[in-house]
Amino acid sequence: MAAAGSSASIVEYFGGEDGYRCGYCKNETGNLSHGMWAHSMTVQDYQDLIDRGWRRSGKYVYKPIMNQTCCPQYTIRCQALRFQTSKSHKKVLKKMLKFLSKGDVSKGVSEEEPMDSHTEDVVTCDFAYKSESHVSQSELTPLSVDHTERVENEDKDIGETKEEVNAQQVESGSLQICAHKDTTVPGEPSHSAKIVNAPPKPGKGADLSKPPCRKAKDIRKERKLQKLLQNQMCAFEGSELQAGDQVFLLQNSKSKTNQPKTIEDFIFVSLPDDAQHKLEVRVVRSSPPSSQFKATFQESYQVYKRYQMVIHKDPPDKPTINQFTRFLCNSPLEAENAPNGPECGYGSFHQQYWLDGKIIAVGVIDILPYCVSSVYLYYDPDYSFLSLGVYSALREIAFTRQLHEKAPDLCFYYMGFYIHSCPKMRYKGQYRPSDLLCPETYVWTPIEQCLPLLEHSKYCRFNQDVKAVDEGRIKELGRVRVLHKRTVMPYSVYKKRRKGPSDEASVQQYASLVGQTCSERMLLFRS
């Protein structure tokens, strides 16, 4: 997936011995997790890490210690291509349409809505603050190629093969890698099968080689939609969607006989000419910050500040610009573009909701090789009646489906963590079909199979095959890649050079948590 020439991920591992305050059950020391500071990270490495139960808050990447933490947090993903809107989802979508077209502010649904979507995940702030890295940028810049190769060749005499020794090349001061997509995304049918219709013999029914007759109602609907697509479009970095995206939206919004309405039918419905309000959704790259991101930074921060004070009851001095920047703007993810990737590229973005020319909500998202991953949502509390948490999650699912048209591997919507032991956090299970990640074997299990197990025990292994093991587990510790004194080397070489007490237990723990593939691709910083 990733373009050749992207720089390597560089991480500092912190372990996870201390307990922190839990944002869910308020236990003062019950929140236990392993953590690392990511100085930089490729989107493929982060995709592989979240598929092993990791998650980021700013540049801090953490993994709950599932069988010990007070509130186990299971990675949850929604199968966006098969997503079905529930009754309550339709209510939220219709409420938004009513508000946009007629200015109707009836507050019927918001009282029944669960806690707004994905608003919990900055509870990690505490330990991210304490674990910030203090390593200088110069220490993180690998030296020249031949120096690295010389070090790696040192280990040849103890039986390492040439492929292991010749690590990826270092060019112009930054490490160059070519990420490979090791696995395909299962569960999606092939779209390549074609059905060819021969013209029928006279008297044998309609000629399928000719366009079918169409009802006037359908033609009117399509005209309305065409008009809508010209007037009311989501914008990528302030520009209109590509023609291909318009065709996709059109296909998805055409009425199909006896088919339930799709999410696009609700979101991209044509508004009347005299509509009271105009809603526009813009996707702006937050890291590295695009010009649109910089131009709207202050306005976006003010929305965040009000949200934290009103919804999360933060004191006025707490939601600082520094906190906002560190957790919702800074990201370790490298921006990447690939020929078979989405138009906007991969990496970290803010999805801004503009109502009548002002920002009313922002969804912080990562666009990764196989998914859109939701990081956080904040919104103007004056618009709480629109159930913006649920509405934005539905928009993000529709966005995932739209990106899939250009990037076929991208077909999941990751909602962060599902916490069954905290009743107000169970709402994420309402976006179906969805899967939870088994905390022992890292295979995805339909949520319907997990819920009965979670009713009995807050910590569960979902994989019912007792013989199944973690297929990505660490098998060779010596092959873990290390960055030491600006030189890339396998752990087997570093171990011989290291002075002082052995750090093998810590490196073993790190490698077992990130898995063999990531441990051989990412660089583990050693001072």
# chains A, B, ... in the order shown; residues from 1 in each chain; ligands from 1

call {"tool": "select_by_dssp", "arguments": {"residues": "segment 267-457 of chain A", "states": "helix (DSSP H, G or I)", "output": "MDAnalysis selection string"}}
result
chainID A and resid 267 291:295 297:310 321:329 381:386 388:406 423:430 447:456

call {"tool": "residues_around", "arguments": {"residues": "segment 310-327 of chain A", "least_positions_apart": "4", "cutoff": "6 Å", "atoms": "only C-alpha atoms", "output": "list in words"}}
result
Ser57, Gly58, Lys305 and Arg306 of chain A

call {"tool": "write_last_selection", "arguments": {"atoms": "all heavy atoms", "output": "PDB file, in the first residue's frame"}}
result
ATOM      1  N   SER A  57      -3.265   8.708  21.335  1.00  0.00           N
ATOM      2  CA  SER A  57      -3.802   9.968  21.828  1.00  0.00           C
ATOM      3  C   SER A  57      -2.681  10.963  21.586  1.00  0.00           C
ATOM      4  O   SER A  57      -1.661  10.941  22.273  1.00  0.00           O
ATOM      5  CB  SER A  57      -4.113   9.857  23.318  1.00  0.00           C
ATOM      6  OG  SER A  57      -4.561  11.094  23.813  1.00  0.00           O
ATOM      7  N   GLY A  58      -2.821  11.814  20.556  1.00  0.00           N
ATOM      8  CA  GLY A  58      -1.695  12.634  20.121  1.00  0.00           C
ATOM      9  C   GLY A  58      -0.598  11.705  19.616  1.00  0.00           C
ATOM     10  O   GLY A  58      -0.855  10.810  18.813  1.00  0.00           O
ATOM     11  N   LYS A 305     -12.847  24.280  23.206  1.00  0.00           N
ATOM     12  CA  LYS A 305     -12.814  24.831  24.568  1.00  0.00           C
ATOM     13  C   LYS A 305     -14.220  24.855  25.171  1.00  0.00           C
ATOM     14  O   LYS A 305     -14.438  24.424  26.308  1.00  0.00           O
ATOM     15  CB  LYS A 305     -12.203  26.241  24.531  1.00  0.00           C
ATOM     16  CG  LYS A 305     -11.970  26.817  25.907  1.00  0.00           C
ATOM     17  CD  LYS A 305     -11.190  28.119  25.857  1.00  0.00           C
ATOM     18  CE  LYS A 305     -11.005  28.648  27.277  1.00  0.00           C
ATOM     19  NZ  LYS A 305     -10.142  29.820  27.336  1.00  0.00           N
ATOM     20  N   ARG A 306     -15.176  25.348  24.397  1.00  0.00           N
ATOM     21  CA  ARG A 306     -16.567  25.403  24.892  1.00  0.00           C
ATOM     22  C   ARG A 306     -17.112  23.999  25.135  1.00  0.00           C
ATOM     23  O   ARG A 306     -17.809  23.748  26.108  1.00  0.00           O
ATOM     24  CB  ARG A 306     -17.470  26.128  23.873  1.00  0.00           C
ATOM     25  CG  ARG A 306     -17.220  27.622  23.803  1.00  0.00           C
ATOM     26  CD  ARG A 306     -18.412  28.345  23.214  1.00  0.00           C
ATOM     27  NE  ARG A 306     -19.612  28.156  24.015  1.00  0.00           N
ATOM     28  CZ  ARG A 306     -20.832  27.984  23.508  1.00  0.00           C
ATOM     29  NH1 ARG A 306     -21.022  27.974  22.214  1.00  0.00           N
ATOM     30  NH2 ARG A 306     -21.874  27.814  24.296  1.00  0.00           N
TER      31      ARG A 306
END

call {"tool": "atom_distance", "arguments": {"atom1": "atom CA of Gly53 of chain A", "atom2": "atom CA of Gln68 of chain A"}}
result
14.6 Å

call {"tool": "residues_around", "arguments": {"residues": "segment 448-455 of chain A", "least_positions_apart": "4", "cutoff": "12 Å", "atoms": "only C-alpha atoms", "output": "ChimeraX atom specification"}}
result
/A:71-74,76,418-423,426,429-439,444,459-464

call {"tool": "residues_around", "arguments": {"residues": "segment 495-502 of chain A", "least_positions_apart": "2", "cutoff": "12 Å", "atoms": "only C-alpha atoms", "output": "JSON, numbers by chain"}}
result
{"A": [151, 154, 155, 158, 477, 478, 479, 480, 481, 482, 484, 485, 489, 490, 491, 492, 493, 504, 505, 506, 507, 508, 526, 527]}

call {"tool": "select_by_dssp", "arguments": {"residues": "segment 401-521 of chain A", "states": "strand (DSSP E)", "output": "ChimeraX atom specification"}}
result
/A:412-418,434-437,444-446,481-484,487-490

call {"tool": "write_last_selection", "arguments": {"atoms": "N, CA, C and O atoms", "output": "PDB file, in the first residue's frame"}}
result
ATOM      1  N   PHE A 412     -13.389  -0.447   6.445  1.00  0.00           N
ATOM      2  CA  PHE A 412     -13.855  -0.537   7.833  1.00  0.00           C
ATOM      3  C   PHE A 412     -13.845   0.837   8.494  1.00  0.00           C
ATOM      4  O   PHE A 412     -13.072   1.713   8.120  1.00  0.00           O
ATOM      5  N   TYR A 413     -14.699   0.978   9.501  1.00  0.00           N
ATOM      6  CA  TYR A 413     -14.751   2.192  10.313  1.00  0.00           C
ATOM      7  C   TYR A 413     -14.438   1.781  11.750  1.00  0.00           C
ATOM      8  O   TYR A 413     -15.198   1.030  12.355  1.00  0.00           O
ATOM      9  N   TYR A 414     -13.280   2.212  12.258  1.00  0.00           N
ATOM     10  CA  TYR A 414     -12.871   1.845  13.616  1.00  0.00           C
ATOM     11  C   TYR A 414     -13.363   2.918  14.580  1.00  0.00           C
ATOM     12  O   TYR A 414     -13.095   4.106  14.388  1.00  0.00           O
ATOM     13  N   MET A 415     -14.060   2.482  15.637  1.00  0.00           N
ATOM     14  CA  MET A 415     -14.688   3.416  16.577  1.00  0.00           C
ATOM     15  C   MET A 415     -13.923   3.516  17.891  1.00  0.00           C
ATOM     16  O   MET A 415     -14.475   3.944  18.902  1.00  0.00           O
ATOM     17  N   GLY A 416     -12.666   3.098  17.894  1.00  0.00           N
ATOM     18  CA  GLY A 416     -11.894   3.159  19.145  1.00  0.00           C
ATOM     19  C   GLY A 416     -12.155   1.925  19.978  1.00  0.00           C
ATOM     20  O   GLY A 416     -12.084   0.799  19.484  1.00  0.00           O
ATOM     21  N   PHE A 417     -12.496   2.129  21.253  1.00  0.00           N
ATOM     22  CA  PHE A 417     -12.693   1.006  22.165  1.00  0.00           C
ATOM     23  C   PHE A 417     -14.156   0.837  22.560  1.00  0.00           C
ATOM     24  O   PHE A 417     -14.865   1.822  22.785  1.00  0.00           O
ATOM     25  N   TYR A 418     -14.563  -0.421  22.698  1.00  0.00           N
ATOM     26  CA  TYR A 418     -15.882  -0.775  23.229  1.00  0.00           C
ATOM     27  C   TYR A 418     -15.661  -1.209  24.674  1.00  0.00           C
ATOM     28  O   TYR A 418     -14.815  -2.080  24.944  1.00  0.00           O
ATOM     29  N   SER A 434     -20.778  -5.143  13.402  1.00  0.00           N
ATOM     30  CA  SER A 434     -19.464  -4.764  13.939  1.00  0.00           C
ATOM     31  C   SER A 434     -18.784  -5.959  14.595  1.00  0.00           C
ATOM     32  O   SER A 434     -19.425  -6.962  14.908  1.00  0.00           O
ATOM     33  N   ASP A 435     -17.474  -5.829  14.762  1.00  0.00           N
ATOM     34  CA  ASP A 435     -16.648  -6.907  15.316  1.00  0.00           C
ATOM     35  C   ASP A 435     -15.818  -6.361  16.463  1.00  0.00           C
ATOM     36  O   ASP A 435     -15.431  -5.194  16.463  1.00  0.00           O
ATOM     37  N   LEU A 436     -15.511  -7.240  17.429  1.00  0.00           N
ATOM     38  CA  LEU A 436     -14.565  -6.902  18.492  1.00  0.00           C
ATOM     39  C   LEU A 436     -13.298  -7.727  18.293  1.00  0.00           C
ATOM     40  O   LEU A 436     -13.345  -8.840  17.755  1.00  0.00           O
ATOM     41  N   LEU A 437     -12.178  -7.180  18.747  1.00  0.00           N
ATOM     42  CA  LEU A 437     -10.879  -7.836  18.575  1.00  0.00           C
ATOM     43  C   LEU A 437     -10.604  -8.746  19.768  1.00  0.00           C
ATOM     44  O   LEU A 437     -10.680  -8.298  20.916  1.00  0.00           O
ATOM     45  N   TRP A 444     -10.814 -11.000  14.610  1.00  0.00           N
ATOM     46  CA  TRP A 444     -12.064 -10.256  14.754  1.00  0.00           C
ATOM     47  C   TRP A 444     -13.224 -11.223  14.951  1.00  0.00           C
ATOM     48  O   TRP A 444     -13.336 -12.217  14.251  1.00  0.00           O
ATOM     49  N   THR A 445     -14.108 -10.879  15.896  1.00  0.00           N
ATOM     50  CA  THR A 445     -15.246 -11.736  16.228  1.00  0.00           C
ATOM     51  C   THR A 445     -16.518 -10.895  16.177  1.00  0.00           C
ATOM     52  O   THR A 445     -16.544  -9.796  16.761  1.00  0.00           O
ATOM     53  N   PRO A 446     -17.580 -11.371  15.480  1.00  0.00           N
ATOM     54  CA  PRO A 446     -18.830 -10.586  15.435  1.00  0.00           C
ATOM     55  C   PRO A 446     -19.303 -10.252  16.855  1.00  0.00           C
ATOM     56  O   PRO A 446     -19.273 -11.109  17.741  1.00  0.00           O
ATOM     57  N   ARG A 481      14.237  -4.362  15.383  1.00  0.00           N
ATOM     58  CA  ARG A 481      15.111  -3.279  14.896  1.00  0.00           C
ATOM     59  C   ARG A 481      15.250  -2.198  15.959  1.00  0.00           C
ATOM     60  O   ARG A 481      14.270  -1.778  16.557  1.00  0.00           O
ATOM     61  N   VAL A 482      16.484  -1.762  16.142  1.00  0.00           N
ATOM     62  CA  VAL A 482      16.818  -0.804  17.192  1.00  0.00           C
ATOM     63  C   VAL A 482      17.507   0.410  16.562  1.00  0.00           C
ATOM     64  O   VAL A 482      18.261   0.269  15.598  1.00  0.00           O
ATOM     65  N   LEU A 483      17.230   1.602  17.109  1.00  0.00           N
ATOM     66  CA  LEU A 483      17.970   2.808  16.717  1.00  0.00           C
ATOM     67  C   LEU A 483      18.802   3.219  17.930  1.00  0.00           C
ATOM     68  O   LEU A 483      18.258   3.628  18.957  1.00  0.00           O
ATOM     69  N   HIS A 484      20.128   3.062  17.827  1.00  0.00           N
ATOM     70  CA  HIS A 484      21.028   3.340  18.951  1.00  0.00           C
ATOM     71  C   HIS A 484      22.185   4.192  18.441  1.00  0.00           C
ATOM     72  O   HIS A 484      22.834   3.844  17.460  1.00  0.00           O
ATOM     73  N   THR A 487      22.230   4.893  14.845  1.00  0.00           N
ATOM     74  CA  THR A 487      22.547   3.780  13.952  1.00  0.00           C
ATOM     75  C   THR A 487      21.470   2.705  14.060  1.00  0.00           C
ATOM     76  O   THR A 487      21.057   2.350  15.163  1.00  0.00           O
ATOM     77  N   VAL A 488      21.007   2.229  12.907  1.00  0.00           N
ATOM     78  CA  VAL A 488      19.985   1.181  12.875  1.00  0.00           C
ATOM     79  C   VAL A 488      20.684  -0.174  12.955  1.00  0.00           C
ATOM     80  O   VAL A 488      21.640  -0.421  12.219  1.00  0.00           O
ATOM     81  N   MET A 489      20.225  -1.022  13.863  1.00  0.00           N
ATOM     82  CA  MET A 489      20.847  -2.346  13.999  1.00  0.00           C
ATOM     83  C   MET A 489      19.828  -3.342  14.540  1.00  0.00           C
ATOM     84  O   MET A 489      18.854  -2.954  15.179  1.00  0.00           O
ATOM     85  N   PRO A 490      20.038  -4.643  14.287  1.00  0.00           N
ATOM     86  CA  PRO A 490      19.159  -5.629  14.916  1.00  0.00           C
ATOM     87  C   PRO A 490      19.478  -5.708  16.413  1.00  0.00           C
ATOM     88  O   PRO A 490      20.602  -5.388  16.828  1.00  0.00           O
TER      89      PRO A 490
END

call {"tool": "atom_distance", "arguments": {"atom1": "atom CA of Lys467 of chain A", "atom2": "atom CA of Asp409 of chain A"}}
result
29.6 Å

call {"tool": "atom_distance", "arguments": {"atom1": "atom CA of Gly345 of chain A", "atom2": "atom CA of Arg282 of chain A"}}
result
14.5 Å

call {"tool": "closest_residue", "arguments": {"among": "A:Asp104, A:Arg395, A:Arg486, A:Gly30", "to": "Ser138 of chain A", "atoms": "only C-alpha atoms"}}
result
A:Arg486

call {"tool": "closest_residue", "arguments": {"among": "A:Cys78, A:Val466, A:Val135, A:Val269", "to": "Val372 of chain A", "atoms": "only C-alpha atoms"}}
result
A:Cys78

call {"tool": "closest_residue", "arguments": {"among": "A:Thr75, A:Thr42, A:Ser106, A:Gln84", "to": "Tyr383 of chain A", "atoms": "only C-alpha atoms"}}
result
A:Ser106

call {"tool": "residues_around", "arguments": {"residues": "segment 294-296 of chain A", "least_positions_apart": "2", "cutoff": "10 Å", "atoms": "only C-alpha atoms", "output": "PyMOL selection string"}}
result
chain A and resi 284-286+289-292+298-301+352+358-359

call {"tool": "decode", "arguments": {"residues": "segment 320-355 of chain A", "atoms": "N, CA and C atoms", "output": "short mmCIF file (atom, residue, chain, number, x, y, z; two decimals), in the first residue's frame"}}
result
data_model
loop_
_atom_site.label_atom_id
_atom_site.label_comp_id
_atom_site.auth_asym_id
_atom_site.auth_seq_id
_atom_site.Cartn_x
_atom_site.Cartn_y
_atom_site.Cartn_z
N THR A 320 -6.52 24.13 27.39
CA THR A 320 -5.57 25.08 26.83
C THR A 320 -5.26 24.77 25.37
N ILE A 321 -4.72 25.75 24.68
CA ILE A 321 -4.30 25.53 23.28
C ILE A 321 -3.25 24.44 23.23
N ASN A 322 -2.37 24.41 24.24
CA ASN A 322 -1.32 23.40 24.29
C ASN A 322 -1.92 21.99 24.36
N GLN A 323 -2.91 21.82 25.24
CA GLN A 323 -3.56 20.51 25.39
C GLN A 323 -4.26 20.12 24.09
N PHE A 324 -4.99 21.07 23.52
CA PHE A 324 -5.70 20.84 22.26
C PHE A 324 -4.74 20.40 21.16
N THR A 325 -3.61 21.13 21.06
CA THR A 325 -2.63 20.83 20.01
C THR A 325 -2.01 19.45 20.21
N ARG A 326 -1.62 19.16 21.47
CA ARG A 326 -0.93 17.90 21.75
C ARG A 326 -1.78 16.68 21.49
N PHE A 327 -3.06 16.75 21.87
CA PHE A 327 -3.88 15.54 21.78
C PHE A 327 -4.75 15.44 20.54
N LEU A 328 -5.10 16.57 19.93
CA LEU A 328 -6.04 16.50 18.82
C LEU A 328 -5.46 17.01 17.49
N CYS A 329 -4.30 17.65 17.55
CA CYS A 329 -3.70 18.15 16.30
C CYS A 329 -2.39 17.43 15.98
N ASN A 330 -1.53 17.24 17.01
CA ASN A 330 -0.28 16.53 16.78
C ASN A 330 -0.56 15.06 16.50
N SER A 331 0.19 14.50 15.58
CA SER A 331 0.02 13.09 15.24
C SER A 331 1.37 12.55 14.78
N PRO A 332 1.69 11.30 15.12
CA PRO A 332 2.95 10.74 14.63
C PRO A 332 2.85 10.26 13.19
N LEU A 333 1.61 10.21 12.65
CA LEU A 333 1.41 9.56 11.34
C LEU A 333 2.01 10.38 10.21
N GLU A 334 2.77 9.70 9.38
CA GLU A 334 3.37 10.32 8.19
C GLU A 334 2.28 10.45 7.13
N ALA A 335 2.21 11.61 6.48
CA ALA A 335 1.26 11.78 5.37
C ALA A 335 1.75 10.94 4.20
N GLU A 336 0.87 10.14 3.62
CA GLU A 336 1.26 9.29 2.49
C GLU A 336 0.21 9.37 1.39
N ASN A 337 0.68 9.28 0.16
CA ASN A 337 -0.23 9.20 -0.98
C ASN A 337 0.15 7.97 -1.78
N ALA A 338 -0.86 7.24 -2.25
CA ALA A 338 -0.57 6.05 -3.05
C ALA A 338 -1.49 6.08 -4.26
N PRO A 339 -1.04 5.51 -5.40
CA PRO A 339 -1.87 5.54 -6.61
C PRO A 339 -3.24 4.89 -6.39
N ASN A 340 -3.29 3.84 -5.55
CA ASN A 340 -4.59 3.19 -5.31
C ASN A 340 -5.18 3.62 -3.98
N GLY A 341 -4.75 4.80 -3.50
CA GLY A 341 -5.26 5.31 -2.22
C GLY A 341 -6.28 6.41 -2.43
N PRO A 342 -6.86 6.92 -1.33
CA PRO A 342 -7.86 7.99 -1.46
C PRO A 342 -7.23 9.29 -1.98
N GLU A 343 -8.06 10.12 -2.61
CA GLU A 343 -7.59 11.40 -3.19
C GLU A 343 -6.87 12.25 -2.14
N CYS A 344 -7.41 12.27 -0.91
CA CYS A 344 -6.86 13.14 0.13
C CYS A 344 -5.60 12.55 0.75
N GLY A 345 -5.26 11.31 0.43
CA GLY A 345 -4.09 10.66 1.00
C GLY A 345 -4.41 9.98 2.32
N TYR A 346 -3.37 9.38 2.92
CA TYR A 346 -3.50 8.73 4.23
C TYR A 346 -2.90 9.64 5.29
N GLY A 347 -3.28 9.43 6.54
CA GLY A 347 -2.71 10.22 7.64
C GLY A 347 -3.79 10.76 8.56
N SER A 348 -3.50 11.89 9.21
CA SER A 348 -4.41 12.46 10.22
C SER A 348 -5.12 13.71 9.70
N PHE A 349 -6.42 13.78 9.97
CA PHE A 349 -7.28 14.85 9.43
C PHE A 349 -8.28 15.34 10.47
N HIS A 350 -8.79 16.56 10.22
CA HIS A 350 -9.96 17.05 10.96
C HIS A 350 -11.10 17.14 9.95
N GLN A 351 -12.23 16.56 10.29
CA GLN A 351 -13.41 16.65 9.44
C GLN A 351 -14.30 17.73 10.06
N GLN A 352 -14.34 18.89 9.40
CA GLN A 352 -15.02 20.06 9.97
C GLN A 352 -16.46 20.17 9.45
N TYR A 353 -17.38 20.40 10.36
CA TYR A 353 -18.80 20.57 10.01
C TYR A 353 -19.10 22.07 10.04
N TRP A 354 -19.34 22.64 8.86
CA TRP A 354 -19.60 24.08 8.73
C TRP A 354 -21.10 24.29 8.54
N LEU A 355 -21.71 25.00 9.48
CA LEU A 355 -23.13 25.34 9.36
C LEU A 355 -23.23 26.83 9.10
#
